[in-house]
Each structure stands twice: as C-alpha cells, then as structure tokens.
>>> print(open('target09.txt').read())   # compact mmCIF, C-alpha atoms
# COMPACT_ATOMS: atom_id res chain seq x y z
CA MET F 45 50.67 149.40 39.83
CA ASN F 46 49.66 151.81 37.06
CA LYS F 47 49.23 150.85 33.43
CA LYS F 48 52.35 152.74 32.33
CA LYS F 49 54.48 150.79 34.83
CA ILE F 50 53.01 147.46 33.66
CA ASN F 51 53.78 148.29 30.03
CA GLN F 52 57.31 149.32 30.99
CA ILE F 53 57.92 145.95 32.70
CA ASN F 54 56.45 144.03 29.75
CA ASN F 55 58.62 145.92 27.23
CA THR F 56 61.72 145.38 29.34
CA SER F 57 60.98 141.67 29.64
CA GLU F 58 60.44 141.41 25.89
CA ILE F 59 63.81 143.06 25.15
CA LEU F 60 65.66 140.65 27.43
CA GLU F 61 63.72 137.69 26.03
CA GLU F 62 64.47 138.71 22.44
CA ILE F 63 68.20 138.97 23.14
CA ALA F 64 68.16 135.54 24.82
CA ILE F 65 66.35 133.99 21.84
CA LYS F 66 68.59 135.58 19.21
CA SER F 67 71.74 134.50 21.03
CA LYS F 68 70.31 130.99 21.66
CA LEU F 69 70.85 131.42 25.39
CA LYS F 70 69.38 128.42 27.21
CA GLU F 71 69.51 130.26 30.54
CA GLY F 72 66.98 132.77 29.20
CA LYS F 73 66.38 136.42 29.95
CA GLU F 74 67.59 136.19 33.56
CA ALA F 75 71.10 135.46 32.30
CA VAL F 76 70.92 138.50 29.99
CA ARG F 77 69.97 140.60 33.01
CA LYS F 78 72.95 139.19 34.98
CA ILE F 79 75.33 140.08 32.14
CA LEU F 80 74.06 143.66 32.00
CA ARG F 81 74.26 143.92 35.80
CA GLU F 82 77.90 142.81 35.92
CA ILE F 83 78.95 145.17 33.13
CA TYR F 84 77.16 148.00 34.94
CA ARG F 85 78.87 147.18 38.24
CA CYS F 86 82.35 146.72 36.79
CA GLY F 87 82.30 149.44 34.13
CA THR F 88 84.21 147.46 31.49
CA LEU F 89 84.41 143.69 31.22
CA GLY F 90 86.21 141.34 28.84
CA THR F 91 84.45 138.26 27.48
CA LYS F 92 86.57 135.76 29.43
CA THR F 93 86.15 137.60 32.72
CA LEU F 94 82.42 137.93 32.14
CA ALA F 95 82.18 134.21 31.35
CA ARG F 96 83.84 133.36 34.67
CA MET F 97 81.58 135.71 36.61
CA ILE F 98 78.33 134.48 35.02
CA GLN F 99 79.54 130.86 34.71
CA LEU F 100 78.63 130.57 31.05
CA PRO F 101 80.69 129.34 28.09
CA ILE F 102 82.83 131.97 26.41
CA PRO F 103 81.17 131.42 22.97
CA THR F 104 77.77 131.93 24.62
CA ILE F 105 78.88 135.19 26.24
CA ALA F 106 80.25 136.33 22.88
CA ALA F 107 76.92 135.60 21.20
CA VAL F 108 74.96 137.53 23.85
CA ARG F 109 77.41 140.42 23.66
CA LYS F 110 76.85 140.66 19.91
CA GLU F 111 73.07 140.90 20.39
CA LEU F 112 73.50 143.49 23.16
CA GLU F 113 75.61 145.53 20.75
CA ASN F 114 72.95 145.20 18.05
CA ALA F 115 70.35 146.40 20.57
CA GLY F 116 72.47 149.44 21.35
CA LEU F 117 72.92 148.48 25.01
CA ILE F 118 76.69 148.01 24.99
CA ASP F 119 79.72 149.15 23.01
CA ARG F 120 82.88 147.21 22.34
CA VAL F 121 86.02 148.89 23.62
CA LYS F 122 89.67 147.84 23.93
CA LYS F 123 89.23 146.19 27.33
CA GLY F 124 85.90 144.50 26.58
CA ALA F 125 82.27 145.61 26.78
CA ILE F 126 80.88 148.82 28.27
CA LEU F 127 77.31 150.07 28.59
CA THR F 128 76.19 152.81 26.21
CA GLU F 129 74.28 155.79 27.56
CA TYR F 130 71.10 154.00 26.54
CA GLY F 131 72.42 150.86 28.25
CA VAL F 132 73.01 152.71 31.52
CA ARG F 133 69.48 154.16 31.39
CA PHE F 134 68.05 150.73 30.58
CA VAL F 135 69.83 149.08 33.53
CA THR F 136 69.10 151.82 36.07
CA LYS F 137 65.61 152.86 34.96
CA GLU F 138 64.06 149.80 33.35
CA LEU F 139 65.81 147.03 35.32
CA GLU F 140 66.01 149.30 38.41
CA ILE F 141 69.55 148.15 39.26
CA SER F 142 71.68 150.62 41.18
CA TYR F 143 73.77 148.72 43.79
CA LEU F 144 77.42 148.66 42.76
CA ASN F 145 79.25 146.77 45.52
CA ASP F 146 80.43 143.19 45.02
CA LEU F 147 79.82 141.34 48.28
CA VAL F 148 81.80 138.18 47.45
CA CYS F 149 84.61 137.72 49.99
CA LYS F 150 87.81 139.11 48.47
CA THR F 151 90.01 137.02 50.76
CA CYS F 152 88.53 133.64 49.86
CA ASP F 153 87.17 134.51 46.40
CA GLY F 154 83.87 132.91 47.36
CA THR F 155 85.41 129.55 48.30
CA LYS F 156 84.99 130.07 52.07
CA LEU F 157 88.65 129.10 52.58
CA GLU F 158 91.20 131.23 54.37
CA LEU F 159 94.33 129.68 52.95
CA PRO F 160 97.30 129.16 55.33
CA GLN F 161 100.72 130.81 55.10
CA GLU F 162 102.33 127.79 53.46
CA PHE F 163 99.90 128.03 50.51
CA ASP F 164 102.26 130.17 48.40
CA ASP F 165 105.14 127.72 48.81
CA LEU F 166 102.95 124.72 48.05
CA ILE F 167 101.41 126.31 44.97
CA LEU F 168 104.87 126.93 43.52
CA LYS F 169 105.83 123.31 44.12
CA LEU F 170 102.57 122.05 42.64
CA LYS F 171 103.04 124.26 39.58
CA SER F 172 106.42 122.65 38.96
CA PHE F 173 104.70 119.26 38.95
CA THR F 174 101.74 120.27 36.76
CA GLU F 175 104.18 121.51 34.13
CA LEU F 176 105.04 117.84 33.60
CA ARG F 177 101.49 117.00 32.48
CA PRO F 178 101.07 115.83 28.87
CA THR F 179 98.93 117.65 26.30
CA PRO F 180 95.22 117.36 27.24
CA ASN F 181 93.31 114.65 25.40
CA THR F 182 90.05 116.46 24.69
CA SER F 183 88.44 113.28 23.33
CA LEU F 184 88.46 112.18 27.00
CA ASP F 185 86.99 115.57 28.06
CA GLN F 186 90.31 116.53 29.61
CA ALA F 187 90.74 120.20 30.52
CA PHE F 188 93.48 120.61 33.08
CA GLY F 189 92.60 122.38 36.30
CA LYS F 190 94.91 125.16 37.42
CA PRO F 191 97.21 124.33 40.36
CA VAL F 192 95.17 126.63 42.62
CA THR F 193 92.15 124.41 41.92
CA ALA F 194 93.86 121.24 43.12
CA LEU F 195 95.25 122.91 46.24
CA ARG F 196 91.88 124.51 47.06
CA ARG F 197 90.24 121.10 46.83
CA ALA F 198 92.88 119.58 49.10
CA TYR F 199 92.44 122.25 51.78
CA LEU F 200 88.64 122.09 51.60
CA MET F 201 88.71 118.32 52.04
CA LEU F 202 91.18 118.72 54.91
CA GLN F 203 88.91 121.30 56.58
CA ASN F 204 85.95 118.92 56.22
CA ASP F 205 87.86 116.05 57.93
CA ASP F 206 87.98 114.03 54.72
CA VAL F 207 91.77 113.68 54.45
CA GLU F 208 93.53 112.79 57.72
CA GLY F 209 93.44 109.06 58.38
CA ARG F 210 91.22 108.59 55.34
CA ASN F 211 91.41 106.37 52.27
CA ILE F 212 90.85 108.71 49.32
CA LEU F 213 90.04 107.70 45.75
CA LEU F 214 90.28 109.99 42.74
CA LEU F 215 88.28 108.87 39.72
CA GLY F 216 90.40 110.58 37.10
CA ASP F 217 93.10 113.05 38.08
CA ASP F 218 94.27 115.20 35.20
CA ASP F 219 94.18 118.10 37.69
CA PHE F 220 96.82 116.50 39.98
CA THR F 221 94.64 116.81 43.07
CA SER F 222 96.33 113.65 44.37
CA ILE F 223 99.66 115.48 44.44
CA ALA F 224 98.05 118.50 46.12
CA LEU F 225 96.67 116.21 48.84
CA ALA F 226 100.10 114.66 49.32
CA LEU F 227 101.66 118.11 49.71
CA LEU F 228 99.53 118.70 52.83
CA ASN F 229 101.93 116.33 54.61
CA VAL F 230 99.29 114.62 56.77
CA LYS F 231 98.55 110.93 57.28
CA THR F 232 96.41 109.70 54.39
CA ASN F 233 96.24 107.08 51.64
CA ILE F 234 95.48 108.16 48.08
CA VAL F 235 94.55 106.06 45.05
CA VAL F 236 94.08 107.32 41.50
CA LEU F 237 92.16 105.48 38.78
CA ASP F 238 92.54 107.06 35.34
CA ILE F 239 92.10 105.85 31.77
CA ASP F 240 95.12 107.86 30.58
CA SER F 241 98.39 106.02 31.25
CA ARG F 242 100.35 109.21 30.48
CA LEU F 243 98.84 110.80 33.59
CA THR F 244 99.15 107.77 35.86
CA ASP F 245 102.80 107.34 34.85
CA THR F 246 103.55 111.02 35.55
CA ILE F 247 101.80 111.03 38.93
CA SER F 248 103.46 107.74 39.88
CA ASN F 249 106.93 109.04 39.00
CA ILE F 250 106.40 112.22 41.05
CA SER F 251 105.06 110.22 43.98
CA GLU F 252 107.88 107.69 43.95
CA LYS F 253 110.59 110.37 43.81
CA ASN F 254 109.00 112.37 46.65
CA LYS F 255 107.69 109.41 48.70
CA TYR F 256 104.09 110.63 48.45
CA PRO F 257 101.30 108.26 49.60
CA VAL F 258 99.78 108.02 46.11
CA LYS F 259 99.16 104.85 44.11
CA CYS F 260 97.99 105.04 40.49
CA PHE F 261 96.22 102.47 38.33
CA VAL F 262 95.13 102.62 34.70
CA HIS F 263 91.43 101.87 34.60
CA ASP F 264 88.59 102.58 32.17
CA LEU F 265 85.56 103.33 34.34
CA ARG F 266 83.28 101.84 31.73
CA LYS F 267 84.37 98.67 33.51
CA PRO F 268 83.37 98.12 37.17
CA VAL F 269 85.77 99.06 39.93
CA ASN F 270 88.08 96.12 40.75
CA THR F 271 87.14 94.09 43.82
CA GLU F 272 90.26 95.28 45.66
CA PHE F 273 88.79 98.81 45.57
CA THR F 274 85.15 97.94 46.25
CA ASN F 275 83.66 99.42 49.46
CA LYS F 276 87.14 100.51 50.61
CA PHE F 277 87.19 104.33 50.52
CA ASP F 278 86.12 107.10 52.86
CA THR F 279 86.27 109.98 50.40
CA ILE F 280 86.07 110.30 46.62
CA LEU F 281 86.80 113.18 44.27
CA THR F 282 85.86 113.17 40.60
CA ASP F 283 85.71 115.58 37.69
CA PRO F 284 83.72 113.44 35.23
CA PRO F 285 82.74 113.97 31.59
CA TYR F 286 80.16 116.76 31.55
CA THR F 287 77.38 114.62 30.13
CA ILE F 288 74.51 112.90 31.91
CA PRO F 289 75.71 109.38 30.92
CA GLY F 290 79.22 110.34 32.10
CA LEU F 291 77.88 111.67 35.39
CA ARG F 292 75.74 108.57 35.92
CA LEU F 293 78.67 106.23 35.26
CA PHE F 294 81.17 108.06 37.48
CA LEU F 295 78.69 108.37 40.36
CA SER F 296 77.94 104.65 40.11
CA ARG F 297 81.66 103.78 40.21
CA ALA F 298 82.17 106.15 43.14
CA ILE F 299 79.40 104.41 45.08
CA GLN F 300 80.93 101.02 44.26
CA ALA F 301 84.21 102.17 45.79
CA LEU F 302 82.83 103.93 48.88
CA LYS F 303 82.40 102.22 52.21
CA ARG F 304 78.78 101.25 52.72
CA GLU F 305 78.12 103.80 55.43
CA ASP F 306 75.99 106.91 55.64
CA GLY F 307 77.78 110.25 55.46
CA ARG F 308 80.62 109.28 53.12
CA LYS F 309 81.47 112.13 50.75
CA ILE F 310 81.87 112.53 47.01
CA TYR F 311 83.46 115.78 45.83
CA LEU F 312 82.07 116.39 42.33
CA ALA F 313 83.29 119.05 39.90
CA TYR F 314 80.57 120.00 37.42
CA PRO F 315 79.83 123.08 35.32
CA HIS F 316 76.97 125.53 35.62
CA ARG F 317 73.94 124.50 33.59
CA ALA F 318 70.75 126.14 32.34
CA PRO F 319 67.80 125.62 34.73
CA ASN F 320 66.31 122.57 32.98
CA GLU F 321 69.71 120.95 32.51
CA LEU F 322 70.64 121.71 36.12
CA LEU F 323 67.44 119.97 37.21
CA GLU F 324 68.47 116.92 35.16
CA VAL F 325 71.90 116.88 36.85
CA GLN F 326 70.37 117.09 40.33
CA GLN F 327 67.80 114.42 39.51
CA GLU F 328 70.63 112.13 38.44
CA ILE F 329 72.37 112.70 41.77
CA LEU F 330 69.16 111.98 43.71
CA LYS F 331 68.51 108.81 41.69
CA HIS F 332 71.68 107.43 43.23
CA GLY F 333 70.33 108.15 46.71
CA LEU F 334 72.95 110.84 47.27
CA ALA F 335 72.19 114.07 49.11
CA ILE F 336 73.65 117.40 48.00
CA GLU F 337 75.32 118.82 51.11
CA GLU F 338 76.86 121.88 49.51
CA ILE F 339 77.44 123.61 46.17
CA ILE F 340 80.31 126.09 45.81
CA PRO F 341 79.98 128.00 42.51
CA GLY F 342 83.14 128.91 40.63
CA PHE F 343 85.40 126.80 42.84
CA ASN F 344 87.35 125.07 40.05
CA LEU F 345 89.46 127.06 37.57
CA TYR F 346 90.78 125.46 34.37
CA GLU F 347 93.19 126.00 31.53
CA GLY F 348 91.52 125.91 28.13
CA ALA F 349 87.96 124.91 29.11
CA GLU F 350 86.35 127.74 27.19
CA MET F 351 83.08 125.88 26.68
CA HIS F 352 82.53 126.22 30.43
CA GLY F 353 84.07 129.65 30.89
CA ASN F 354 87.21 127.98 32.36
CA ILE F 355 85.28 127.42 35.57
CA THR F 356 83.03 124.85 37.28
CA SER F 357 81.27 124.42 40.60
CA LEU F 358 82.24 121.97 43.31
CA LEU F 359 79.42 119.87 44.71
CA ILE F 360 79.78 117.95 47.96
CA LEU F 361 77.55 114.87 47.95
CA ILE F 362 76.96 112.54 50.90
CA THR F 363 75.79 108.95 51.03
CA THR F 364 72.52 108.02 52.74
CA SER F 365 70.62 104.88 53.60
CA GLU F 366 69.09 105.17 50.10
CA THR F 367 72.41 105.29 48.23
CA LYS F 368 72.64 102.77 45.40
CA THR F 369 74.60 101.99 42.26
CA ILE F 370 72.72 102.61 39.01
CA ILE F 371 75.33 101.05 36.71
CA SER F 372 76.87 97.97 38.31
CA GLY F 373 78.25 96.07 35.33
CA GLU F 374 80.27 96.96 32.25
CA TYR F 375 79.02 100.03 30.37
CA ASN F 376 79.27 100.11 26.58
CA ASP F 377 77.44 103.30 25.64
CA LEU F 378 78.88 106.74 24.91
CA ILE F 379 79.90 109.08 27.75
CA TYR F 380 82.19 111.78 26.37
CA THR F 381 81.03 115.14 25.01
CA GLY F 382 82.72 114.65 21.65
CA GLU F 383 80.93 111.31 21.22
CA LEU F 384 77.47 112.49 22.26
CA SER F 385 77.58 115.96 20.71
CA PRO F 386 80.26 115.90 18.01
CA THR F 387 81.33 119.20 16.53
CA ILE F 388 83.78 120.24 13.84
CA ARG F 389 85.70 123.47 14.43
CA THR F 390 87.49 125.24 11.62
CA TYR F 391 90.68 127.15 12.35
CA ARG F 392 92.82 129.42 10.17
CA CYS F 393 96.61 129.39 10.54
CA LYS F 394 98.82 132.47 10.08
CA ASN F 395 99.20 131.56 6.36
CA LYS F 396 95.40 131.51 5.96
CA HIS F 397 95.08 127.74 5.55
CA LEU F 398 91.85 126.28 6.93
CA ILE F 399 92.07 123.23 9.20
CA LYS F 400 89.15 121.21 10.54
CA ILE F 401 89.43 119.65 13.98
CA GLY F 402 87.05 117.40 15.91
CA SER F 403 86.51 113.87 17.14
CA SER F 404 85.91 112.62 13.57
CA GLU F 405 88.91 114.47 12.08
CA ASP F 406 92.61 113.57 11.95
CA ILE F 407 93.34 116.42 14.37
CA LYS F 408 91.09 116.13 17.42
CA SER F 409 91.74 119.33 19.36
CA ILE F 410 93.29 122.79 19.21
CA GLU F 411 95.98 121.56 21.62
CA GLN F 412 96.91 118.80 19.17
CA LEU F 413 96.88 121.30 16.29
CA LYS F 414 99.32 123.56 18.13
CA GLU F 415 101.52 120.56 18.84
CA VAL F 416 101.64 119.05 15.33
CA GLY F 417 101.13 122.27 13.37
CA CYS F 418 99.12 123.09 10.28
CA PRO F 419 99.03 119.98 8.03
CA ILE F 420 99.57 122.23 4.98
CA CYS F 421 102.37 124.62 5.97
CA GLY F 422 103.51 123.32 9.38
CA SER F 423 102.82 126.58 11.24
CA LYS F 424 102.29 126.10 14.98
CA ILE F 425 101.26 129.62 15.97
CA SER F 426 98.44 132.15 15.48
CA PHE F 427 95.46 129.86 14.96
CA SER F 428 92.10 131.65 14.89
CA ARG F 429 88.71 129.92 14.95
CA VAL F 430 86.51 130.82 12.01
CA GLY F 431 83.54 128.51 12.50
CA THR F 432 81.85 125.64 14.32
CA THR F 433 79.40 123.10 12.89
CA LYS F 434 77.59 120.11 14.28
CA ASN F 435 78.73 116.80 12.85
CA GLU F 436 75.40 115.07 12.30
>>> encode(input="target09.txt", output="structure tokens")
Amino acid sequence: MNKKKINQINNTSEILEEIAIKSKLKEGKEAVRKILREIYRCGTLGTKTLARMIQLPIPTIAAVRKELENAGLIDRVKKGAILTEYGVRFVTKELEISYLNDLVCKTCDGTKLELPQEFDDLILKLKSFTELRPTPNTSLDQAFGKPVTALRRAYLMLQNDDVEGRNILLLGDDDFTSIALALLNVKTNIVVLDIDSRLTDTISNISEKNKYPVKCFVHDLRKPVNTEFTNKFDTILTDPPYTIPGLRLFLSRAIQALKREDGRKIYLAYPHRAPNELLEVQQEILKHGLAIEEIIPGFNLYEGAEMHGNITSLLILITTSETKTIISGEYNDLIYTGELSPTIRTYRCKNKHLIKIGSSEDIKSIEQLKEVGCPICGSKISFSRVGTTKNE
C-alpha cells in the first residue's frame, strides 16, 4: 500500500473518530460509518428511522447528525438527513462504500418469521386489547411494546416448540405477550408475574372474559419467586429493566422458576449496547450458566422508548448443566434506570412554561405530564424538550 493511501485511511479514521468523540458516541467511529452508510443507501433518512436501523437511541442519533452537519457531510432537509456532495465523495471515495441494496428479508423484516394468514385478524384483536393498557410507569422502566411485537414473540415461541403443552411464565408483561400467546388458540398454560397491579388486573379481566389460559399475580421480583412457581416452567419470557442489576435479578428469578433441566429456554428482550457494555451483558448471562442460542436484532418494537430507538433485540437463552441462580434471596438494591442513572428533563408547554420531570420530581415522565397537564397553565398538548441534566 502506498504512502498516499495510508495517509488517506488515517485521515478518514480521524474524521470518524472526531465525530464520535464530539457526539459522545460510545459505539465509536464504526457507528458513525454505519450511519453514513445507511444515509447513502437510502438517500434521505429521518432521525427515528435511522435510530431503528442502527439500533441507537434517538438522542444519540441526533447528536451524531449535528456533528455530521458541522463536518459538512450531511444536510438537513424536510424528510431528514441527506449526504452533501462532499458527503457522497467521502462515503464512496474515502470509505469505499458503493453497494446500495438492502439484503434484509422484506417479508419477515429480519425476524425469520413468515407470518400466517390469520396474523392480520389476530393483530387487530390484540390491538383492541392493548388499547386498554394504563399509562406507562416509566419509573418501572415500562415502555409498551407494539402489538406486532407481542404477536411476533408468540409465533416465534410456537415455531420453536416452546408453547404447545408448555407451562410458560412471563416475568413482567406490559407488552401483553400473554394475550398474544392465548390468541394462538393452542394448548398451553400461561402465568404472569408483574409488580404493576394495573396491568395484572387488565390482563386478568381480558382473560376471564375470553376464557384465555392466563393467570396473573402481583409480584415484586426483588423478592424470590414463590414456592408454587419454583422449578415449574418450561419456557420464560422477560423484558427486564435495562440495567445490569435488573438483568441479573430477572435472570436469577427466571432460573428459580424454570424446571431444572438442560435446554429450557428464556426469551430475553434487551437493547443494543456499545461493545464494552454488550460484553458486560453477555458476561452476566454466562455467569448464570446460560448459553446464548440466538440473537435476533431489532425484533421488538416499542411505543415511546426513544432512549433505545423504540427497538430492542430478542435473545434466546438456554439452560445448561452449569445454570445457577446468582440472586437467591430478597434483593434490596436498585435495579431501575431512573434509580441508577437519574436524569431531569425540562419540557416547554405551548404557553412557554418550563416543567421539570424525572424520578425525583413531582411529575415522573412525559406520559404523566401529558396526562395531568402543565402544573402552571394546565395545557396537555405541544410539549417540547429543551434540555436534559444528570441528577447527581
């Protein structure tokens, strides 16, 4: 390789690295490259769409986009971001990217599922049920999954022989996956443990009216699983708090509830992480003696989970002869994101009043703010975020 080529590569690497540093992007320069590649391939991309494609939080994408604009690589247009002439040259000449086709399966959207004909009817029915859900309690890390997420999970579990004739436990179910499983109309037994009585009451009422095989119990997983549920289940699904303590606790409770046999499955929803954080997540899984059988990126779609780009991966974990519980007794430490990494977000209402929300404030979430309205003027519409600060 000649000296000119080496210098070109070094300069290119430095530009990507500088953008990553300025935007505080934990994923580093490779994520900047991915963002430029997707904009090049799609022509114009909005921030939310880009966040879903790259599996990064929307605020992170916005920060990177700002630095790309400052570097002259992209312009902001009505429908999102587009490469400048310099940006196109940079991508094609410096990064040497030219392939335009997207090879992800358009039929399955990367989930590997060819959904049956009855899917459309079931999704409409499930939507009518999910409309009965209460306002998300973000202090419990609730971000409701879209109905398609719950039904996808149900069909994937069915395909993997983890539904028919099985005892299934859901550790938390604000996504209504239990109802989606019941809609499959196959022989199964489903139990839901959730800390939020609003959700268990709603799921129980739906199940009783429709004679679905779902039983719900209010349970705080900081306490051990009750003896009646210990070593009883074939399959478990959980969408835990997205913190390492939360993951550790929910995996331990799942193992307590699973039958003590090799090959039992845990379906785990968890967001994309930067390389070092992803390593920490996988190490936590391995500490429990669980093997990672499969990871399906972008499987779960959410409403209002902007910090994760409204999307998470689905991991399929299996028990082994080394599987063990890390937390067996009561757990008294912090597990939720708002507890471990508290932030205060400032919003402006349509009358320009500033309202602070966060775990330490009277109003905990934007959903609650929209429900109760501005504490000064009562307005319940047109809130715009103007800042975010760490609550040290």
>>> residues_around(input="target09.txt", residues="F:Asn114", least_positions_apart="5", cutoff="12 Å", atoms="all atoms listed in the file", output="list in words")
Ile59, Glu62, Ile63, Lys66, Ser67, Ala107, Val108, Arg109, Asp119, Arg120, Thr128 and Gly131 of chain F
>>> closest_atom_pairs(input="target09.txt", of="stretch 279-394 of chain F", to="stretch 146-170 of chain F", cutoff="8 Å", atoms="only C-alpha atoms", output="Markdown table")
| residue | atom | partner | partner_atom | distance |
| --- | --- | --- | --- | --- |
| F:Ile340 | CA | F:Thr155 | CA | 6.6 |
| F:Pro341 | CA | F:Gly154 | CA | 7.9 |
| F:Gly342 | CA | F:Gly154 | CA | 7.9 |
| F:Phe343 | CA | F:Thr155 | CA | 6.1 |
>>> residues_near_point(input="target09.txt", point="(95.0, 119.1, 49.0)", cutoff="8 Å", atoms="only C-alpha atoms", output="PyMOL selection string")
chain F and resi 194-202+221-228
>>> closest_residue(input="target09.txt", among="F:Asp217, F:Glu321, F:Asp406, F:Glu208", to="F:Gly189", atoms="only C-alpha atoms")
F:Asp217
>>> closest_residue(input="target09.txt", among="F:Gln326, F:Ser142, F:Thr104, F:Thr182", to="F:Leu413", atoms="only C-alpha atoms")
F:Thr182
>>> closest_residue(input="target09.txt", among="F:Glu111, F:Asp206, F:Glu366, F:Asp218", to="F:Phe188", atoms="only C-alpha atoms")
F:Asp218
>>> closest_residue(input="target09.txt", among="F:Thr232, F:Tyr286, F:Glu305, F:Asp219", to="F:Glu383", atoms="all atoms listed in the file")
F:Tyr286
>>> closest_residue(input="target09.txt", among="F:Arg308, F:Lys190, F:Arg266, F:Lys331", to="F:Ile379", atoms="only C-alpha atoms")
F:Arg266
>>> atom_distance(input="target09.txt", atom1="atom CA of F:Gly216", atom2="atom CA of F:Tyr380")
13.6 Å
>>> closest_residue(input="target09.txt", among="F:Pro315, F:Gly290, F:Pro178, F:Gly307", to="F:Glu411", atoms="all atoms listed in the file")
F:Pro178
>>> atom_distance(input="target09.txt", atom1="atom CA of F:Ile280", atom2="atom CA of F:Asn229")
18.8 Å
>>> residues_near_point(input="target09.txt", point="(83.4, 109.2, 49.2)", cutoff="8 Å", atoms="only C-alpha atoms", output="list in words")
Ile212, Leu213, Phe277, Asp278, Thr279, Ile280, Leu281, Ala298, Ile299, Ala301, Leu302, Lys303, Arg308, Lys309, Ile310, Tyr311, Ile362 and Thr363 of chain F
>>> atom_distance(input="target09.txt", atom1="atom CA of F:Cys421", atom2="atom CA of F:Ile407")
14.8 Å
>>> residues_around(input="target09.txt", residues="stretch 86-94 of chain F", least_positions_apart="4", cutoff="9 Å", atoms="only C-alpha atoms", output="mmCIF file with C-alpha atoms, in the coordinates of the input")
data_model
loop_
_atom_site.group_PDB
_atom_site.id
_atom_site.type_symbol
_atom_site.label_atom_id
_atom_site.label_comp_id
_atom_site.auth_asym_id
_atom_site.auth_seq_id
_atom_site.Cartn_x
_atom_site.Cartn_y
_atom_site.Cartn_z
ATOM 1 C CA ILE F 79 75.330 140.080 32.140
ATOM 2 C CA ARG F 81 74.260 143.920 35.800
ATOM 3 C CA GLU F 82 77.900 142.810 35.920
ATOM 4 C CA ILE F 98 78.330 134.480 35.020
ATOM 5 C CA GLN F 99 79.540 130.860 34.710
ATOM 6 C CA LEU F 100 78.630 130.570 31.050
ATOM 7 C CA PRO F 101 80.690 129.340 28.090
ATOM 8 C CA ILE F 102 82.830 131.970 26.410
ATOM 9 C CA PRO F 103 81.170 131.420 22.970
ATOM 10 C CA ILE F 105 78.880 135.190 26.240
ATOM 11 C CA ALA F 106 80.250 136.330 22.880
ATOM 12 C CA ARG F 109 77.410 140.420 23.660
ATOM 13 C CA VAL F 121 86.020 148.890 23.620
ATOM 14 C CA LYS F 122 89.670 147.840 23.930
ATOM 15 C CA LYS F 123 89.230 146.190 27.330
ATOM 16 C CA GLY F 124 85.900 144.500 26.580
ATOM 17 C CA ALA F 125 82.270 145.610 26.780
ATOM 18 C CA ILE F 126 80.880 148.820 28.270
ATOM 19 C CA LEU F 127 77.310 150.070 28.590
ATOM 20 C CA LEU F 144 77.420 148.660 42.760
ATOM 21 C CA GLU F 350 86.350 127.740 27.190
ATOM 22 C CA GLY F 353 84.070 129.650 30.890
ATOM 23 C CA ASN F 354 87.210 127.980 32.360
#
>>> decode(input="target09.txt", residues="stretch 329-343 of chain F", atoms="N, CA and C atoms", output="PDB file, in the first residue's frame")
ATOM      1  N   ILE F 329     -24.927 -12.964  31.437  1.00  0.00           N
ATOM      2  CA  ILE F 329     -25.674 -14.148  31.017  1.00  0.00           C
ATOM      3  C   ILE F 329     -24.860 -15.412  31.279  1.00  0.00           C
ATOM      4  N   LEU F 330     -23.585 -15.376  30.925  1.00  0.00           N
ATOM      5  CA  LEU F 330     -22.720 -16.554  31.093  1.00  0.00           C
ATOM      6  C   LEU F 330     -22.467 -16.871  32.562  1.00  0.00           C
ATOM      7  N   LYS F 331     -22.446 -15.847  33.423  1.00  0.00           N
ATOM      8  CA  LYS F 331     -22.268 -16.080  34.857  1.00  0.00           C
ATOM      9  C   LYS F 331     -23.374 -16.965  35.414  1.00  0.00           C
ATOM     10  N   HIS F 332     -24.552 -16.865  34.814  1.00  0.00           N
ATOM     11  CA  HIS F 332     -25.685 -17.682  35.253  1.00  0.00           C
ATOM     12  C   HIS F 332     -25.643 -19.085  34.641  1.00  0.00           C
ATOM     13  N   GLY F 333     -24.612 -19.380  33.877  1.00  0.00           N
ATOM     14  CA  GLY F 333     -24.518 -20.702  33.254  1.00  0.00           C
ATOM     15  C   GLY F 333     -25.509 -20.890  32.129  1.00  0.00           C
ATOM     16  N   LEU F 334     -25.941 -19.782  31.531  1.00  0.00           N
ATOM     17  CA  LEU F 334     -26.868 -19.828  30.396  1.00  0.00           C
ATOM     18  C   LEU F 334     -26.086 -19.682  29.096  1.00  0.00           C
ATOM     19  N   ALA F 335     -26.498 -20.406  28.079  1.00  0.00           N
ATOM     20  CA  ALA F 335     -25.892 -20.275  26.758  1.00  0.00           C
ATOM     21  C   ALA F 335     -26.780 -19.396  25.889  1.00  0.00           C
ATOM     22  N   ILE F 336     -26.150 -18.596  25.030  1.00  0.00           N
ATOM     23  CA  ILE F 336     -26.899 -17.758  24.092  1.00  0.00           C
ATOM     24  C   ILE F 336     -27.105 -18.564  22.811  1.00  0.00           C
ATOM     25  N   GLU F 337     -28.333 -18.998  22.587  1.00  0.00           N
ATOM     26  CA  GLU F 337     -28.629 -19.812  21.404  1.00  0.00           C
ATOM     27  C   GLU F 337     -28.813 -18.963  20.159  1.00  0.00           C
ATOM     28  N   GLU F 338     -29.414 -17.781  20.347  1.00  0.00           N
ATOM     29  CA  GLU F 338     -29.701 -16.946  19.175  1.00  0.00           C
ATOM     30  C   GLU F 338     -29.932 -15.504  19.614  1.00  0.00           C
ATOM     31  N   ILE F 339     -29.537 -14.570  18.752  1.00  0.00           N
ATOM     32  CA  ILE F 339     -29.836 -13.153  18.944  1.00  0.00           C
ATOM     33  C   ILE F 339     -30.489 -12.645  17.662  1.00  0.00           C
ATOM     34  N   ILE F 340     -31.684 -12.051  17.801  1.00  0.00           N
ATOM     35  CA  ILE F 340     -32.385 -11.503  16.642  1.00  0.00           C
ATOM     36  C   ILE F 340     -32.466  -9.989  16.819  1.00  0.00           C
ATOM     37  N   PRO F 341     -31.599  -9.234  16.134  1.00  0.00           N
ATOM     38  CA  PRO F 341     -31.600  -7.768  16.292  1.00  0.00           C
ATOM     39  C   PRO F 341     -32.904  -7.151  15.802  1.00  0.00           C
ATOM     40  N   GLY F 342     -33.333  -6.105  16.487  1.00  0.00           N
ATOM     41  CA  GLY F 342     -34.487  -5.339  16.029  1.00  0.00           C
ATOM     42  C   GLY F 342     -35.806  -6.074  16.060  1.00  0.00           C
ATOM     43  N   PHE F 343     -35.911  -7.115  16.859  1.00  0.00           N
ATOM     44  CA  PHE F 343     -37.125  -7.937  16.870  1.00  0.00           C
ATOM     45  C   PHE F 343     -38.281  -7.224  17.560  1.00  0.00           C
TER      46      PHE F 343
END
